[in-house]
>>> print(open('input.cif').read())   # mmCIF, C-alpha atoms
data_structure
#
loop_
_atom_site.label_atom_id
_atom_site.label_comp_id
_atom_site.auth_asym_id
_atom_site.auth_seq_id
_atom_site.Cartn_x
_atom_site.Cartn_y
_atom_site.Cartn_z
CA ALA A 1 14.77 -7.91 -4.59
CA GLN A 2 12.53 -7.57 -1.56
CA SER A 3 9.77 -9.70 -0.09
CA VAL A 4 7.55 -9.63 2.97
CA THR A 5 5.90 -12.42 4.91
CA GLN A 6 3.17 -11.74 7.43
CA LEU A 7 2.53 -14.63 9.76
CA GLY A 8 -1.15 -15.19 10.30
CA SER A 9 -3.84 -13.91 7.97
CA HIS A 10 -6.16 -13.42 10.95
CA VAL A 11 -5.41 -12.49 14.55
CA SER A 12 -8.05 -12.23 17.25
CA VAL A 13 -7.50 -10.57 20.61
CA SER A 14 -9.67 -9.41 23.47
CA GLU A 15 -10.11 -5.74 24.17
CA GLY A 16 -7.29 -4.62 26.47
CA ALA A 17 -5.00 -7.49 25.50
CA LEU A 18 -1.62 -7.24 23.79
CA VAL A 19 -1.62 -6.98 20.02
CA LEU A 20 1.25 -8.70 18.19
CA LEU A 21 1.31 -8.84 14.40
CA ARG A 22 4.31 -10.58 12.90
CA CYS A 23 6.30 -9.54 9.86
CA ASN A 24 9.48 -10.94 8.37
CA TYR A 25 11.23 -9.44 5.39
CA SER A 26 13.89 -10.24 2.85
CA SER A 27 16.03 -7.61 1.19
CA SER A 28 19.36 -7.64 -0.61
CA VAL A 29 20.01 -4.03 0.43
CA PRO A 30 19.28 -2.14 3.66
CA PRO A 31 15.49 -1.98 3.84
CA TYR A 32 13.00 0.61 4.81
CA LEU A 33 10.09 -0.98 6.66
CA PHE A 34 6.53 0.15 7.15
CA TRP A 35 3.26 -0.80 8.72
CA TYR A 36 0.04 0.43 7.14
CA VAL A 37 -3.53 0.05 8.36
CA GLN A 38 -6.61 -0.22 6.16
CA TYR A 39 -10.09 0.26 7.54
CA PRO A 40 -13.04 -1.11 5.57
CA ASN A 41 -13.67 0.71 2.31
CA GLN A 42 -10.77 3.07 2.85
CA GLY A 43 -7.26 3.57 1.54
CA LEU A 44 -4.09 2.82 3.47
CA GLN A 45 -2.82 4.90 6.35
CA LEU A 46 0.81 4.85 7.45
CA LEU A 47 1.14 3.65 11.06
CA LEU A 48 4.90 3.85 11.41
CA LYS A 49 8.15 3.43 9.53
CA TYR A 50 11.75 2.44 10.06
CA THR A 51 14.41 3.99 7.87
CA THR A 52 17.59 4.34 9.90
CA GLY A 53 18.60 4.98 13.51
CA ALA A 54 16.63 3.78 16.51
CA THR A 55 15.33 0.30 15.92
CA LEU A 56 12.23 0.74 18.10
CA VAL A 57 9.84 3.04 16.31
CA LYS A 58 6.63 4.45 17.64
CA GLY A 59 3.67 5.24 15.49
CA ILE A 60 0.15 6.52 15.71
CA ASN A 61 -2.62 5.11 17.88
CA GLY A 62 -0.18 3.58 20.39
CA PHE A 63 1.45 1.15 18.00
CA GLU A 64 5.16 0.45 17.88
CA ALA A 65 7.48 -1.90 16.02
CA GLU A 66 11.03 -3.08 16.47
CA PHE A 67 13.47 -3.65 13.63
CA LYS A 68 15.58 -6.74 14.33
CA LYS A 69 18.14 -7.19 11.61
CA SER A 70 19.42 -10.52 12.94
CA GLU A 71 15.92 -11.94 12.79
CA THR A 72 14.87 -10.01 9.65
CA SER A 73 11.73 -9.08 11.54
CA PHE A 74 9.61 -5.99 12.07
CA HIS A 75 6.77 -7.07 14.35
CA LEU A 76 3.99 -4.64 15.26
CA THR A 77 2.76 -4.39 18.84
CA LYS A 78 0.30 -2.46 20.94
CA PRO A 79 0.05 -3.01 24.70
CA SER A 80 -3.72 -2.78 24.94
CA ALA A 81 -6.12 -3.43 22.08
CA HIS A 82 -9.09 -1.19 21.48
CA MET A 83 -12.20 -2.03 19.50
CA SER A 84 -11.27 0.68 17.01
CA ASP A 85 -8.05 -1.20 16.16
CA ALA A 86 -10.02 -3.81 14.21
CA ALA A 87 -8.74 -3.46 10.66
CA GLU A 88 -6.40 -4.95 8.07
CA TYR A 89 -2.69 -4.38 8.69
CA PHE A 90 -0.03 -4.52 6.03
CA CYS A 91 3.70 -4.78 6.51
CA ALA A 92 5.76 -3.38 3.64
CA VAL A 93 9.38 -3.11 2.60
CA SER A 94 11.08 -0.62 0.31
CA ALA A 95 14.61 -0.43 -0.94
CA ILE A 96 16.50 1.45 -3.57
CA ASN A 97 17.73 -0.92 -6.23
CA THR A 98 18.07 -1.10 -9.98
CA GLY A 99 14.29 -1.11 -10.30
CA GLY A 100 14.05 2.21 -8.55
CA PHE A 101 12.39 2.81 -5.22
CA LYS A 102 9.16 0.87 -4.77
CA THR A 103 7.22 -0.67 -1.95
CA ILE A 104 6.33 -4.35 -1.70
CA PHE A 105 3.45 -5.34 0.57
CA GLY A 106 2.81 -8.42 2.64
CA ALA A 107 -0.43 -10.37 2.33
CA GLY A 108 -1.97 -8.56 5.25
CA THR A 109 -3.26 -9.56 8.68
CA ARG A 110 -6.82 -8.91 9.70
CA LEU A 111 -7.09 -7.98 13.35
CA PHE A 112 -10.28 -8.81 15.21
CA VAL A 113 -10.90 -7.31 18.65
CA LYS A 114 -13.41 -9.02 20.93
CA ALA A 115 -15.32 -7.17 23.60
CA SER B 1 2.83 14.55 4.12
CA ALA B 2 1.02 14.83 0.82
CA VAL B 3 -2.75 14.56 0.57
CA ILE B 4 -4.17 12.62 -2.38
CA SER B 5 -7.55 13.00 -4.01
CA GLN B 6 -8.51 10.02 -6.09
CA LYS B 7 -11.59 9.75 -8.24
CA PRO B 8 -13.94 8.22 -8.95
CA SER B 9 -14.30 6.50 -5.61
CA ARG B 10 -16.26 3.70 -7.20
CA ASP B 11 -17.75 2.72 -10.52
CA ILE B 12 -19.64 -0.09 -12.16
CA CYS B 13 -18.63 -0.59 -15.77
CA GLN B 14 -19.65 -2.76 -18.68
CA ARG B 15 -17.16 -5.28 -19.98
CA GLY B 16 -15.23 -4.10 -22.99
CA THR B 17 -15.25 -0.45 -21.92
CA SER B 18 -12.46 1.62 -20.34
CA LEU B 19 -12.26 3.65 -17.15
CA THR B 20 -9.80 6.41 -16.32
CA ILE B 21 -8.91 6.98 -12.68
CA GLN B 22 -7.44 10.29 -11.60
CA CYS B 23 -4.97 10.97 -8.81
CA GLN B 24 -4.35 14.55 -7.69
CA VAL B 25 -1.72 15.38 -5.05
CA ASP B 26 -1.80 18.62 -3.10
CA SER B 27 1.96 19.14 -3.44
CA GLN B 28 4.71 18.26 -5.86
CA VAL B 29 6.02 14.74 -5.40
CA THR B 30 8.79 12.87 -7.10
CA MET B 31 7.25 9.41 -6.93
CA MET B 32 3.79 8.22 -7.89
CA PHE B 33 2.62 4.63 -8.07
CA TRP B 34 -0.48 2.68 -9.00
CA TYR B 35 -1.55 -0.44 -7.13
CA ARG B 36 -4.28 -3.02 -7.53
CA GLN B 37 -5.95 -4.71 -4.59
CA GLN B 38 -8.07 -7.64 -5.61
CA PRO B 39 -10.88 -8.70 -3.27
CA GLY B 40 -9.53 -9.94 0.04
CA GLN B 41 -5.93 -9.65 -1.08
CA SER B 42 -2.90 -7.47 -0.61
CA LEU B 43 -1.64 -4.69 -2.84
CA THR B 44 0.13 -5.45 -6.08
CA LEU B 45 2.20 -2.77 -7.74
CA ILE B 46 1.05 -2.10 -11.30
CA ALA B 47 3.53 0.58 -12.30
CA THR B 48 5.58 3.58 -11.35
CA ALA B 49 4.25 6.73 -12.99
CA ASN B 50 7.18 8.74 -14.30
CA GLN B 51 6.77 12.44 -14.93
CA GLY B 52 7.28 13.28 -18.56
CA SER B 53 8.08 9.76 -19.70
CA GLU B 54 6.52 6.34 -20.06
CA ALA B 55 5.52 4.51 -16.90
CA THR B 56 7.57 1.59 -15.61
CA TYR B 57 5.39 -1.51 -15.46
CA GLU B 58 5.76 -4.50 -13.19
CA SER B 59 5.77 -8.04 -14.45
CA GLY B 60 2.31 -9.08 -15.56
CA PHE B 61 1.10 -5.58 -16.37
CA VAL B 62 1.31 -3.97 -19.79
CA ILE B 63 0.82 -0.49 -21.16
CA ASP B 64 -1.93 -1.48 -23.59
CA LYS B 65 -4.09 -2.70 -20.72
CA PHE B 66 -3.15 -0.08 -18.13
CA PRO B 67 -2.00 3.11 -19.85
CA ILE B 68 -0.71 5.68 -17.37
CA SER B 69 -0.12 9.38 -17.76
CA ARG B 70 1.79 11.75 -15.52
CA PRO B 71 1.92 15.18 -17.11
CA ASN B 72 3.32 16.96 -14.06
CA LEU B 73 4.50 16.44 -10.48
CA THR B 74 1.03 16.52 -8.92
CA PHE B 75 -1.22 14.52 -11.23
CA SER B 76 -1.49 11.07 -12.74
CA THR B 77 -4.13 8.93 -14.41
CA LEU B 78 -4.54 5.19 -14.77
CA THR B 79 -6.81 3.77 -17.46
CA VAL B 80 -8.15 0.26 -17.22
CA SER B 81 -8.80 -0.70 -20.83
CA ASN B 82 -11.11 -3.26 -22.44
CA MET B 83 -12.34 -4.32 -19.04
CA SER B 84 -13.40 -7.81 -18.05
CA PRO B 85 -14.88 -9.04 -14.74
CA GLU B 86 -11.36 -10.10 -13.70
CA ASP B 87 -10.45 -6.41 -13.52
CA SER B 88 -12.87 -5.89 -10.66
CA SER B 89 -10.61 -4.60 -7.90
CA ILE B 90 -9.68 -1.61 -5.86
CA TYR B 91 -7.13 0.59 -7.60
CA LEU B 92 -4.99 2.83 -5.41
CA CYS B 93 -2.70 5.71 -6.15
CA SER B 94 0.31 6.34 -3.93
CA ALA B 95 2.67 9.30 -3.85
CA GLY B 96 5.68 10.62 -2.02
CA SER B 97 9.13 12.06 -2.41
CA GLN B 98 12.54 10.52 -2.11
CA GLY B 99 13.89 11.06 1.36
CA ASN B 100 10.41 11.16 2.88
CA TYR B 101 9.71 7.48 3.03
CA GLY B 102 6.31 6.08 3.71
CA TYR B 103 4.07 7.09 0.93
CA THR B 104 0.58 8.48 1.13
CA PHE B 105 -2.28 6.59 -0.43
CA GLY B 106 -5.45 7.76 -2.02
CA SER B 107 -8.72 6.35 -0.75
CA GLY B 108 -8.94 4.05 -3.74
CA THR B 109 -11.31 3.40 -6.63
CA ARG B 110 -13.55 0.40 -6.23
CA LEU B 111 -14.19 -0.95 -9.72
CA THR B 112 -16.82 -3.54 -10.56
CA VAL B 113 -17.00 -4.87 -14.10
CA VAL B 114 -20.25 -6.53 -15.15
#
>>> encode(input="input.cif", output="structure tokens")
Amino acid sequence: AQSVTQLGSHVSVSEGALVLLRCNYSSSVPPYLFWYVQYPNQGLQLLLKYTTGATLVKGINGFEAEFKKSETSFHLTKPSAHMSDAAEYFCAVSAINTGGFKTIFGAGTRLFVKA
Amino acid sequence: SAVISQKPSRDICQRGTSLTIQCQVDSQVTMMFWYRQQPGQSLTLIATANQGSEATYESGFVIDKFPISRPNLTFSTLTVSNMSPEDSSIYLCSAGSQGNYGYTFGSGTRLTVV
């Protein structure tokens, strides 16, 4: 079984500052890891994903995340926050197991960006 | 990646009635899922929509309340039956294919039950 924990339901940063959104996962089999973004009144958009290979993955809008197996973490970062980054961010984990292939989402972190 | 059209985008329904939500994908996909997102919360998987067979429901969700159809590889429906105010949520369809991880989501259906 898989689970995801996002540390911090709300994160506030100043425009131009580093964005760090934390995600820890649990999986009994090698996981696939994702970050999604949700803007108000919209569906989810895939930011980036880790499946296999390079542990540092780059996504859209300048975001990147690093898979650290020893820490069971997949934290999302962006060097310089922009006002348009204000949204809800979800970390998710998928794995193939007896229940099939399905994605489990974390509780989400709302990012606020101050001018 | 696949593009999903989901409709209706929103609806206000009377308690005791049913609403069917449609999910149309612009290409054939092997996997389709339905999620619920209650106000201010994360996504909870309702079921996996299986093509040509009964959906696979997660714990806490049953077919009588949330019947799902998937007649082909590009289309699925979710019905919310005998609605109560507790069913007020956003319902999202997700689709993708094995080997192409990171599924696409529809824009969601915002349901309000009064």
>>> resolve_selection(input="input.cif", expression="the PyMOL selection byres ((chain B) within 8 of (chain A))", output="PyMOL selection string")
chain B and resi 41-45+48+92+101-108
>>> write_last_selection(input="input.cif", atoms="C-alpha atoms", output="PDB file, in the frame of the given file")
ATOM      1  CA  GLN B  41      -5.930  -9.650  -1.080  1.00  0.00           C
ATOM      2  CA  SER B  42      -2.900  -7.470  -0.610  1.00  0.00           C
ATOM      3  CA  LEU B  43      -1.640  -4.690  -2.840  1.00  0.00           C
ATOM      4  CA  THR B  44       0.130  -5.450  -6.080  1.00  0.00           C
ATOM      5  CA  LEU B  45       2.200  -2.770  -7.740  1.00  0.00           C
ATOM      6  CA  THR B  48       5.580   3.580 -11.350  1.00  0.00           C
ATOM      7  CA  LEU B  92      -4.990   2.830  -5.410  1.00  0.00           C
ATOM      8  CA  TYR B 101       9.710   7.480   3.030  1.00  0.00           C
ATOM      9  CA  GLY B 102       6.310   6.080   3.710  1.00  0.00           C
ATOM     10  CA  TYR B 103       4.070   7.090   0.930  1.00  0.00           C
ATOM     11  CA  THR B 104       0.580   8.480   1.130  1.00  0.00           C
ATOM     12  CA  PHE B 105      -2.280   6.590  -0.430  1.00  0.00           C
ATOM     13  CA  GLY B 106      -5.450   7.760  -2.020  1.00  0.00           C
ATOM     14  CA  SER B 107      -8.720   6.350  -0.750  1.00  0.00           C
ATOM     15  CA  GLY B 108      -8.940   4.050  -3.740  1.00  0.00           C
TER      16      GLY B 108
END
>>> atom_distance(input="input.cif", atom1="atom CA of Ser59 of chain B", atom2="atom CA of Ser28 of chain A")
19.4 Å
>>> closest_atom_pairs(input="input.cif", of="segment 42-85 of chain A", to="segment 3-24 of chain A", cutoff="6 Å", atoms="only C-alpha atoms", output="tab-separated table")
residue	atom	partner	partner_atom	distance
A:Thr72	CA	A:Asn24	CA	5.6
A:Ser73	CA	A:Asn24	CA	4.3
A:Phe74	CA	A:Cys23	CA	5.3
A:His75	CA	A:Arg22	CA	4.5
A:Leu76	CA	A:Leu21	CA	5.1
A:Thr77	CA	A:Leu20	CA	4.6
A:Lys78	CA	A:Val19	CA	5.0
A:Pro79	CA	A:Leu18	CA	4.6
A:Ser80	CA	A:Gly16	CA	4.3
A:Ala81	CA	A:Gly16	CA	4.7
A:His82	CA	A:Glu15	CA	5.4
>>> atom_distance(input="input.cif", atom1="atom CA of Lys68 of chain A", atom2="atom CA of Leu56 of chain A")
9.0 Å
>>> atom_distance(input="input.cif", atom1="atom CA of Asp26 of chain B", atom2="atom CA of Val37 of chain A")
21.9 Å
>>> residues_around(input="input.cif", residues="Gly16 of chain B", least_positions_apart="3", cutoff="8 Å", atoms="all atoms listed in the file", output="count of residues only")
4
>>> residues_around(input="input.cif", residues="Ile90 of chain B", least_positions_apart="6", cutoff="6 Å", atoms="only C-alpha atoms", output="ChimeraX atom specification")
/B:36-37,109-111
>>> residues_near_point(input="input.cif", point="(-12.2, -8.9, -13.6)", cutoff="9 Å", atoms="only C-alpha atoms", output="MDAnalysis selection string")
chainID B and resid 15 83:89 112:114
>>> closest_residue(input="input.cif", among="B:Thr77, B:Ser1, B:Gln38, B:Thr56", to="Leu19 of chain B", atoms="only C-alpha atoms")
B:Thr77
>>> closest_residue(input="input.cif", among="B:Ile21, B:Ile46, B:Val29, B:Ala55", to="Pro8 of chain B", atoms="only C-alpha atoms")
B:Ile21
>>> decode(input="input.cif", residues="segment 14-92 of chain A", atoms="C-alpha atoms", output="PDB file, in the first residue's frame")
ATOM      1  CA  SER A  14       7.729  36.412  -0.923  1.00  0.00           C
ATOM      2  CA  GLU A  15       7.932  36.959  -4.648  1.00  0.00           C
ATOM      3  CA  GLY A  16      11.437  36.028  -5.795  1.00  0.00           C
ATOM      4  CA  ALA A  17      12.109  33.786  -2.802  1.00  0.00           C
ATOM      5  CA  LEU A  18      12.776  30.052  -2.844  1.00  0.00           C
ATOM      6  CA  VAL A  19       9.758  27.779  -2.887  1.00  0.00           C
ATOM      7  CA  LEU A  20      10.072  24.496  -0.970  1.00  0.00           C
ATOM      8  CA  LEU A  21       7.086  22.180  -0.612  1.00  0.00           C
ATOM      9  CA  ARG A  22       7.737  18.993   1.312  1.00  0.00           C
ATOM     10  CA  CYS A  23       6.480  15.523   0.515  1.00  0.00           C
ATOM     11  CA  ASN A  24       7.237  12.177   2.104  1.00  0.00           C
ATOM     12  CA  TYR A  25       5.873   8.904   0.833  1.00  0.00           C
ATOM     13  CA  SER A  26       5.475   5.305   1.866  1.00  0.00           C
ATOM     14  CA  SER A  27       5.360   2.441  -0.592  1.00  0.00           C
ATOM     15  CA  SER A  28       5.934  -1.289  -0.346  1.00  0.00           C
ATOM     16  CA  VAL A  29       7.068  -1.411  -3.987  1.00  0.00           C
ATOM     17  CA  PRO A  30       9.155   0.990  -6.083  1.00  0.00           C
ATOM     18  CA  PRO A  31       7.010   4.114  -6.377  1.00  0.00           C
ATOM     19  CA  TYR A  32       6.219   6.525  -9.097  1.00  0.00           C
ATOM     20  CA  LEU A  33       5.988  10.050  -7.711  1.00  0.00           C
ATOM     21  CA  PHE A  34       4.205  13.121  -8.986  1.00  0.00           C
ATOM     22  CA  TRP A  35       3.515  16.730  -8.236  1.00  0.00           C
ATOM     23  CA  TYR A  36       0.283  18.278  -9.484  1.00  0.00           C
ATOM     24  CA  VAL A  37      -0.878  21.885  -9.301  1.00  0.00           C
ATOM     25  CA  GLN A  38      -4.479  23.033  -9.004  1.00  0.00           C
ATOM     26  CA  TYR A  39      -5.483  26.609  -9.680  1.00  0.00           C
ATOM     27  CA  PRO A  40      -8.802  27.868  -8.293  1.00  0.00           C
ATOM     28  CA  ASN A  41     -11.830  26.307  -9.946  1.00  0.00           C
ATOM     29  CA  GLN A  42      -9.709  24.170 -12.235  1.00  0.00           C
ATOM     30  CA  GLY A  43      -8.655  20.547 -12.542  1.00  0.00           C
ATOM     31  CA  LEU A  44      -5.195  19.226 -11.803  1.00  0.00           C
ATOM     32  CA  GLN A  45      -2.176  19.813 -13.992  1.00  0.00           C
ATOM     33  CA  LEU A  46       0.879  17.576 -13.887  1.00  0.00           C
ATOM     34  CA  LEU A  47       3.994  19.552 -12.887  1.00  0.00           C
ATOM     35  CA  LEU A  48       6.533  16.748 -12.975  1.00  0.00           C
ATOM     36  CA  LYS A  49       6.999  13.056 -12.347  1.00  0.00           C
ATOM     37  CA  TYR A  50       9.613  10.565 -11.265  1.00  0.00           C
ATOM     38  CA  THR A  51       9.421   7.029 -12.594  1.00  0.00           C
ATOM     39  CA  THR A  52      12.946   5.690 -12.954  1.00  0.00           C
ATOM     40  CA  GLY A  53      16.425   7.008 -13.768  1.00  0.00           C
ATOM     41  CA  ALA A  54      17.666  10.448 -12.807  1.00  0.00           C
ATOM     42  CA  THR A  55      16.502  11.351  -9.344  1.00  0.00           C
ATOM     43  CA  LEU A  56      16.360  15.097 -10.013  1.00  0.00           C
ATOM     44  CA  VAL A  57      13.436  15.798 -12.284  1.00  0.00           C
ATOM     45  CA  LYS A  58      12.531  19.071 -13.881  1.00  0.00           C
ATOM     46  CA  GLY A  59       9.012  20.093 -14.641  1.00  0.00           C
ATOM     47  CA  ILE A  60       7.039  22.954 -16.048  1.00  0.00           C
ATOM     48  CA  ASN A  61       7.134  26.555 -14.854  1.00  0.00           C
ATOM     49  CA  GLY A  62      10.653  26.207 -13.399  1.00  0.00           C
ATOM     50  CA  PHE A  63       9.784  23.614 -10.776  1.00  0.00           C
ATOM     51  CA  GLU A  64      11.937  20.629  -9.953  1.00  0.00           C
ATOM     52  CA  ALA A  65      11.910  17.803  -7.424  1.00  0.00           C
ATOM     53  CA  GLU A  66      14.435  15.311  -6.153  1.00  0.00           C
ATOM     54  CA  PHE A  67      13.654  11.703  -5.339  1.00  0.00           C
ATOM     55  CA  LYS A  68      15.560  10.628  -2.222  1.00  0.00           C
ATOM     56  CA  LYS A  69      14.943   6.981  -1.536  1.00  0.00           C
ATOM     57  CA  SER A  70      16.862   6.957   1.756  1.00  0.00           C
ATOM     58  CA  GLU A  71      14.670   9.755   3.065  1.00  0.00           C
ATOM     59  CA  THR A  72      11.487   8.585   1.288  1.00  0.00           C
ATOM     60  CA  SER A  73      11.073  12.170   0.146  1.00  0.00           C
ATOM     61  CA  PHE A  74      10.141  13.990  -3.040  1.00  0.00           C
ATOM     62  CA  HIS A  75      10.281  17.684  -2.185  1.00  0.00           C
ATOM     63  CA  LEU A  76       9.272  20.301  -4.755  1.00  0.00           C
ATOM     64  CA  THR A  77      11.385  23.411  -5.259  1.00  0.00           C
ATOM     65  CA  LYS A  78      11.532  26.519  -7.386  1.00  0.00           C
ATOM     66  CA  PRO A  79      14.401  29.004  -7.058  1.00  0.00           C
ATOM     67  CA  SER A  80      12.318  32.145  -7.423  1.00  0.00           C
ATOM     68  CA  ALA A  81       8.603  32.391  -6.695  1.00  0.00           C
ATOM     69  CA  HIS A  82       6.276  34.259  -8.995  1.00  0.00           C
ATOM     70  CA  MET A  83       2.852  35.600  -8.149  1.00  0.00           C
ATOM     71  CA  SER A  84       1.351  33.207 -10.681  1.00  0.00           C
ATOM     72  CA  ASP A  85       2.662  30.244  -8.642  1.00  0.00           C
ATOM     73  CA  ALA A  86      -0.012  30.804  -5.994  1.00  0.00           C
ATOM     74  CA  ALA A  87      -2.089  27.631  -6.100  1.00  0.00           C
ATOM     75  CA  GLU A  88      -2.706  24.299  -4.388  1.00  0.00           C
ATOM     76  CA  TYR A  89       0.004  21.683  -4.865  1.00  0.00           C
ATOM     77  CA  PHE A  90      -0.519  17.969  -4.481  1.00  0.00           C
ATOM     78  CA  CYS A  91       2.118  15.292  -4.126  1.00  0.00           C
ATOM     79  CA  ALA A  92       1.033  11.848  -5.292  1.00  0.00           C
TER      80      ALA A  92
END
